[in-house]
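Novice: This one is input.pdb, PDB, C-alpha atoms.
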ATOM      1  CA  ASN A  93       0.000   0.000   0.000  1.00  0.00           C
ATOM      2  CA  ARG A  94       1.226   3.463  -0.836  1.00  0.00           C
ATOM      3  CA  ILE A  95       0.378   7.007   0.163  1.00  0.00           C
ATOM      4  CA  ALA A  96       1.548   9.689  -2.250  1.00  0.00           C
ATOM      5  CA  LEU A  97       2.053  13.279  -1.118  1.00  0.00           C
ATOM      6  CA  ASN A  98       2.441  16.106  -3.609  1.00  0.00           C
ATOM      7  CA  LEU A  99       5.549  17.888  -2.294  1.00  0.00           C
ATOM      8  CA  SER A 100       6.667  19.270  -5.639  1.00  0.00           C
ATOM      9  CA  GLU A 101       4.924  20.144  -8.881  1.00  0.00           C
ATOM     10  CA  ALA A 102       7.863  18.576 -10.741  1.00  0.00           C
ATOM     11  CA  VAL A 103       6.792  15.109  -9.569  1.00  0.00           C
ATOM     12  CA  ASP A 104       3.984  13.218 -11.297  1.00  0.00           C
ATOM     13  CA  LEU A 105       1.571  12.192  -8.510  1.00  0.00           C
ATOM     14  CA  ILE A 106      -0.016   9.482 -10.677  1.00  0.00           C
ATOM     15  CA  GLN A 107       3.430   7.923 -11.208  1.00  0.00           C
ATOM     16  CA  LEU A 108       4.002   7.923  -7.434  1.00  0.00           C
ATOM     17  CA  ARG A 109       0.663   6.241  -6.747  1.00  0.00           C
ATOM     18  CA  ASN A 110       1.082   3.651  -9.512  1.00  0.00           C
ATOM     19  CA  PRO A 111       4.773   2.919 -10.028  1.00  0.00           C
ATOM     20  CA  PRO A 112       5.740   0.408 -12.696  1.00  0.00           C
ATOM     21  CA  GLY A 113       6.251  -3.119 -11.447  1.00  0.00           C
ATOM     22  CA  VAL A 114       9.552  -4.967 -11.526  1.00  0.00           C
ATOM     23  CA  GLY A 115       7.865  -8.175 -12.613  1.00  0.00           C
ATOM     24  CA  ILE A 116       4.818 -10.417 -12.628  1.00  0.00           C
ATOM     25  CA  LEU A 117       4.197 -13.308 -10.229  1.00  0.00           C
ATOM     26  CA  ARG A 118       1.945 -15.975 -11.744  1.00  0.00           C
ATOM     27  CA  LEU A 119       0.526 -18.126  -8.966  1.00  0.00           C
ATOM     28  CA  THR A 120      -1.585 -21.272  -9.345  1.00  0.00           C
ATOM     29  CA  VAL A 121      -3.572 -22.705  -6.448  1.00  0.00           C
ATOM     30  CA  VAL A 122      -3.567 -26.416  -7.241  1.00  0.00           C
ATOM     31  CA  ARG A 123      -4.916 -28.431  -4.305  1.00  0.00           C
ATOM     32  CA  ALA A 124      -5.117 -28.959  -0.546  1.00  0.00           C
ATOM     33  CA  GLU A 125      -5.244 -32.343   1.159  1.00  0.00           C
ATOM     34  CA  GLY A 126      -6.319 -33.527   4.604  1.00  0.00           C
ATOM     35  CA  LEU A 127      -8.472 -30.503   5.425  1.00  0.00           C
ATOM     36  CA  ARG A 128     -11.131 -30.572   8.101  1.00  0.00           C
ATOM     37  CA  SER A 129     -14.088 -28.398   8.894  1.00  0.00           C
ATOM     38  CA  GLU A 130     -13.318 -25.872  11.629  1.00  0.00           C
ATOM     39  CA  TRP A 131     -16.873 -24.701  12.216  1.00  0.00           C
ATOM     40  CA  ARG A 132     -18.079 -25.176  15.787  1.00  0.00           C
ATOM     41  CA  GLY A 133     -20.929 -22.651  15.854  1.00  0.00           C
ATOM     42  CA  ILE A 134     -24.631 -23.027  16.498  1.00  0.00           C
ATOM     43  CA  GLY A 135     -25.982 -25.808  14.362  1.00  0.00           C
ATOM     44  CA  SER A 136     -22.630 -27.554  13.989  1.00  0.00           C
ATOM     45  CA  ILE A 137     -24.305 -30.842  14.954  1.00  0.00           C
ATOM     46  CA  PHE A 138     -26.099 -30.640  11.596  1.00  0.00           C
ATOM     47  CA  LYS A 139     -22.906 -30.065   9.585  1.00  0.00           C
ATOM     48  CA  ASN A 140     -20.779 -32.993   8.464  1.00  0.00           C
ATOM     49  CA  ASP A 141     -17.030 -33.029   9.059  1.00  0.00           C
ATOM     50  CA  LYS A 142     -16.302 -32.043   5.448  1.00  0.00           C
ATOM     51  CA  ALA A 143     -14.904 -28.606   4.729  1.00  0.00           C
ATOM     52  CA  ASP A 144     -16.167 -26.173   2.096  1.00  0.00           C
ATOM     53  CA  PRO A 145     -12.704 -24.739   1.402  1.00  0.00           C
ATOM     54  CA  PHE A 146     -11.554 -21.747  -0.576  1.00  0.00           C
ATOM     55  CA  VAL A 147      -8.156 -20.066  -0.781  1.00  0.00           C
ATOM     56  CA  GLU A 148      -7.321 -16.383  -0.409  1.00  0.00           C
ATOM     57  CA  VAL A 149      -3.965 -15.172  -1.757  1.00  0.00           C
ATOM     58  CA  LYS A 150      -2.660 -11.663  -1.039  1.00  0.00           C
ATOM     59  CA  VAL A 151       0.367 -10.011  -2.618  1.00  0.00           C
ATOM     60  CA  GLY A 152       0.566  -6.486  -1.266  1.00  0.00           C
ATOM     61  CA  ALA A 153      -2.864  -4.915  -1.836  1.00  0.00           C
ATOM     62  CA  GLN A 154      -3.712  -7.381  -4.637  1.00  0.00           C
ATOM     63  CA  GLU A 155      -5.976 -10.298  -3.801  1.00  0.00           C
ATOM     64  CA  MET A 156      -7.112 -13.559  -5.403  1.00  0.00           C
ATOM     65  CA  VAL A 157      -9.952 -15.686  -4.027  1.00  0.00           C
ATOM     66  CA  THR A 158     -10.606 -19.149  -5.444  1.00  0.00           C
ATOM     67  CA  SER A 159     -13.969 -20.748  -5.913  1.00  0.00           C
ATOM     68  CA  VAL A 160     -15.456 -22.770  -3.032  1.00  0.00           C
ATOM     69  CA  VAL A 161     -15.166 -26.564  -3.272  1.00  0.00           C
ATOM     70  CA  SER A 162     -18.178 -27.968  -1.406  1.00  0.00           C
ATOM     71  CA  ASP A 163     -17.892 -30.877   1.038  1.00  0.00           C
ATOM     72  CA  ASP A 164     -14.329 -31.865   0.161  1.00  0.00           C
ATOM     73  CA  ASN A 165     -11.365 -32.289   2.519  1.00  0.00           C
ATOM     74  CA  ASN A 166      -9.066 -32.914  -0.479  1.00  0.00           C
ATOM     75  CA  ALA A 167      -9.957 -29.950  -2.675  1.00  0.00           C
ATOM     76  CA  ARG A 168      -8.623 -29.209  -6.172  1.00  0.00           C
ATOM     77  CA  TRP A 169      -8.785 -25.766  -7.761  1.00  0.00           C
ATOM     78  CA  ASN A 170      -6.149 -25.324 -10.501  1.00  0.00           C
ATOM     79  CA  GLU A 171      -6.921 -21.576 -10.531  1.00  0.00           C
ATOM     80  CA  THR A 172      -4.272 -19.099 -11.674  1.00  0.00           C
ATOM     81  CA  ASP A 173      -3.855 -15.355 -11.236  1.00  0.00           C
ATOM     82  CA  ASP A 174      -1.113 -12.815 -11.955  1.00  0.00           C
ATOM     83  CA  PHE A 175       0.213 -10.304  -9.432  1.00  0.00           C
ATOM     84  CA  ILE A 176       2.312  -7.218 -10.144  1.00  0.00           C
ATOM     85  CA  VAL A 177       5.510  -7.250  -8.080  1.00  0.00           C
ATOM     86  CA  HIS A 178       6.806  -3.835  -7.035  1.00  0.00           C
ATOM     87  CA  ASP A 179       9.524  -4.842  -4.554  1.00  0.00           C
ATOM     88  CA  ARG A 180      10.987  -8.363  -4.600  1.00  0.00           C
ATOM     89  CA  GLU A 181      12.670  -7.869  -1.223  1.00  0.00           C
ATOM     90  CA  MET A 182       9.736  -6.470   0.754  1.00  0.00           C
ATOM     91  CA  GLN A 183       6.539  -7.773  -0.839  1.00  0.00           C
ATOM     92  CA  GLU A 184       5.035 -10.823   0.857  1.00  0.00           C
ATOM     93  CA  VAL A 185       2.781 -13.574  -0.446  1.00  0.00           C
ATOM     94  CA  LYS A 186       0.109 -14.570   2.086  1.00  0.00           C
ATOM     95  CA  VAL A 187      -1.972 -17.699   1.495  1.00  0.00           C
ATOM     96  CA  SER A 188      -4.951 -18.580   3.709  1.00  0.00           C
ATOM     97  CA  ILE A 189      -7.421 -21.457   3.474  1.00  0.00           C
ATOM     98  CA  PHE A 190     -10.914 -20.910   4.841  1.00  0.00           C
ATOM     99  CA  ASP A 191     -13.939 -23.124   5.439  1.00  0.00           C
ATOM    100  CA  GLN A 192     -16.953 -21.276   4.014  1.00  0.00           C
ATOM    101  CA  GLU A 193     -19.836 -20.957   6.454  1.00  0.00           C
ATOM    102  CA  VAL A 194     -23.467 -20.298   5.602  1.00  0.00           C
ATOM    103  CA  LEU A 195     -24.084 -18.726   9.001  1.00  0.00           C
ATOM    104  CA  GLY A 196     -21.501 -16.424  10.521  1.00  0.00           C
ATOM    105  CA  LYS A 197     -17.874 -15.766   9.715  1.00  0.00           C
ATOM    106  CA  ASN A 198     -15.810 -18.102   7.524  1.00  0.00           C
ATOM    107  CA  SER A 199     -13.425 -20.256   9.584  1.00  0.00           C
ATOM    108  CA  LEU A 200      -9.670 -20.087   9.046  1.00  0.00           C
ATOM    109  CA  ILE A 201      -8.266 -23.578   8.444  1.00  0.00           C
ATOM    110  CA  GLY A 202      -4.652 -22.470   8.019  1.00  0.00           C
ATOM    111  CA  HIS A 203      -2.280 -19.927   6.514  1.00  0.00           C
ATOM    112  CA  VAL A 204       1.288 -19.442   5.376  1.00  0.00           C
TER     113      VAL A 204
END
Can you turn what I pasted into structure tokens?

Specialist:
Amino acid sequence: NRIALNLSEAVDLIQLRNPPGVGILRLTVVRAEGLRSEWRGIGSIFKNDKADPFVEVKVGAQEMVTSVVSDDNNARWNETDDFIVHDREMQEVKVSIFDQEVLGKNSLIGHV
């Protein structure tokens, strides 16, 4: 995330807000195995032990969210997205797997 301040008219504010990237990261979410449902809310006695997983990937302010795979503890996505890399040294890739819930907040299964 960036905040651009106009300290000089000689500087292009649009260029400061949107600098060119140094590269592209192409990331494919392939699969996850051995997942389990983390939901323990009201009505959990009616839910089976199968997860409804989806993956959220963040690279800086950019985000990718996969589709939800219903009732599957060994999910496969094979979904790809491209991310603009601005700083190879400082930019982080954050991957989280959630169990989608019909009622309430989605449950975090794990992250890296």

Novice: Could you list the residues chosen by the PyMOL selection byres ((chain A and resi 145-153) around 7) in this structure as a PyMOL selection string?

Specialist: chain A and resi 93+143-144+154-162+175+183-192

Novice: When the PyMOL selection byres ((chain A and resi 169) around 8) is applied to the file above, which residues end up in the set, as a compact mmCIF listing (two decimals) with C-alpha atoms, in the frame of the given file?

Specialist:
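Produced file selection14.txt, reproduced below:
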# COMPACT_ATOMS: atom_id res chain seq x y z
CA VAL A 121 -3.57 -22.70 -6.45
CA VAL A 122 -3.57 -26.42 -7.24
CA ARG A 123 -4.92 -28.43 -4.30
CA THR A 158 -10.61 -19.15 -5.44
CA SER A 159 -13.97 -20.75 -5.91
CA VAL A 161 -15.17 -26.56 -3.27
CA ALA A 167 -9.96 -29.95 -2.68
CA ARG A 168 -8.62 -29.21 -6.17
CA ASN A 170 -6.15 -25.32 -10.50
CA GLU A 171 -6.92 -21.58 -10.53

Novice: One decimal, in Å: what's the spacing between CA of Thr172 (chain A) and CA of Leu117 (chain A)?

Specialist: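 Spanning CA of Thr172 (chain A) to CA of Leu117 (chain A) is a straight-line distance of 10.4 Å.
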
Novice: Select, from A:Gly126, A:Leu195, A:Lys142, A:His178, the residue with the minimum atom-to-atom distance to Asn110 (chain A), counting all atoms listed in the file.

Specialist: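 Ranked by minimum distance to Asn110 (chain A), first place goes to A:His178.
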
Novice: Using all atoms listed in the file, what residues lie at most 12 Å away from (-7.4, -23.2, 14.2) (file coordinates), given as a PyMOL selection string?

Specialist: chain A and resi 127-132+188-191+198-203

Novice: Do you have the CA of Ile176 (chain A)-CA of Leu99 (chain A) distance handy?

Specialist: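 Answer for the CA of Ile176 (chain A) to CA of Leu99 (chain A) separation: 26.5 Å.
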
Novice: Emit as JSON the padded axis-aligned box for all listed atoms of region 155-169 of chain A, 6 Å per side, with centre and edge lengths in Å to one decimal.

Specialist:
{"center_x": -12.1, "center_y": -21.6, "center_z": -2.6, "size_x": 24.2, "size_y": 34.6, "size_z": 22.3}

Novice: For Asp141 (chain A), which of A:Ile116, A:Val103, A:Asp163, A:Arg109 is the closest residue, counting all atoms listed in the file?

Specialist: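 Smallest distance to Asp141 (chain A) is found for A:Asp163.
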
Novice: Between CA of Gly113 (chain A) and CA of Ile95 (chain A), what is the distance, to one decimal in Å?

Specialist: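 A separation of 16.5 Å between them.
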
Novice: Which residue is closest to Arg118 (chain A)? Choose from A:Glu193, A:Glu181, A:Asp173, A:Asp104 and count all atoms listed in the file.

Specialist: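 Among the listed residues, the smallest separation from Arg118 (chain A) belongs to A:Asp173.
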
Novice: Complete region 111-131 of chain A with N, CA and C atoms (output as a short mmCIF file (atom, residue, chain, number, x, y, z; two decimals), in the coordinates of the input).

Specialist:
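Final output, rebuild37.cif:
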data_model
loop_
_atom_site.label_atom_id
_atom_site.label_comp_id
_atom_site.auth_asym_id
_atom_site.auth_seq_id
_atom_site.Cartn_x
_atom_site.Cartn_y
_atom_site.Cartn_z
N PRO A 111 3.46 3.11 -9.41
CA PRO A 111 4.77 2.92 -10.03
C PRO A 111 4.79 1.66 -10.88
N PRO A 112 5.66 1.62 -11.87
CA PRO A 112 5.74 0.41 -12.70
C PRO A 112 6.27 -0.76 -11.87
N GLY A 113 5.79 -1.94 -12.16
CA GLY A 113 6.25 -3.12 -11.45
C GLY A 113 7.61 -3.57 -11.94
N VAL A 114 8.26 -4.41 -11.13
CA VAL A 114 9.55 -4.97 -11.53
C VAL A 114 9.36 -6.36 -12.13
N GLY A 115 8.13 -6.86 -12.05
CA GLY A 115 7.86 -8.18 -12.61
C GLY A 115 6.45 -8.62 -12.32
N ILE A 116 6.13 -9.81 -12.82
CA ILE A 116 4.82 -10.42 -12.63
C ILE A 116 5.02 -11.75 -11.93
N LEU A 117 4.22 -12.01 -10.90
CA LEU A 117 4.20 -13.31 -10.23
C LEU A 117 2.93 -14.02 -10.68
N ARG A 118 3.09 -15.15 -11.34
CA ARG A 118 1.94 -15.98 -11.74
C ARG A 118 1.84 -17.10 -10.73
N LEU A 119 0.71 -17.16 -10.04
CA LEU A 119 0.53 -18.13 -8.97
C LEU A 119 -0.68 -19.01 -9.27
N THR A 120 -0.50 -20.32 -9.13
CA THR A 120 -1.58 -21.27 -9.35
C THR A 120 -1.87 -21.99 -8.05
N VAL A 121 -3.12 -21.93 -7.60
CA VAL A 121 -3.57 -22.70 -6.45
C VAL A 121 -4.02 -24.05 -7.00
N VAL A 122 -3.31 -25.10 -6.65
CA VAL A 122 -3.57 -26.42 -7.24
C VAL A 122 -4.50 -27.24 -6.37
N ARG A 123 -4.08 -27.56 -5.14
CA ARG A 123 -4.92 -28.43 -4.30
C ARG A 123 -4.54 -28.28 -2.84
N ALA A 124 -5.38 -28.85 -1.98
CA ALA A 124 -5.12 -28.96 -0.55
C ALA A 124 -5.64 -30.32 -0.10
N GLU A 125 -4.87 -31.00 0.73
CA GLU A 125 -5.24 -32.34 1.16
C GLU A 125 -5.32 -32.42 2.68
N GLY A 126 -6.20 -33.28 3.17
CA GLY A 126 -6.32 -33.53 4.60
C GLY A 126 -6.95 -32.39 5.38
N LEU A 127 -7.80 -31.61 4.74
CA LEU A 127 -8.47 -30.50 5.42
C LEU A 127 -9.56 -31.05 6.34
N ARG A 128 -9.99 -30.20 7.27
CA ARG A 128 -11.13 -30.57 8.10
C ARG A 128 -11.93 -29.32 8.39
N SER A 129 -13.21 -29.52 8.60
CA SER A 129 -14.09 -28.40 8.89
C SER A 129 -13.74 -27.84 10.26
N GLU A 130 -13.65 -26.52 10.36
CA GLU A 130 -13.32 -25.87 11.63
C GLU A 130 -14.53 -25.24 12.30
N TRP A 131 -15.70 -25.39 11.70
CA TRP A 131 -16.87 -24.70 12.22
C TRP A 131 -17.40 -25.39 13.45
#
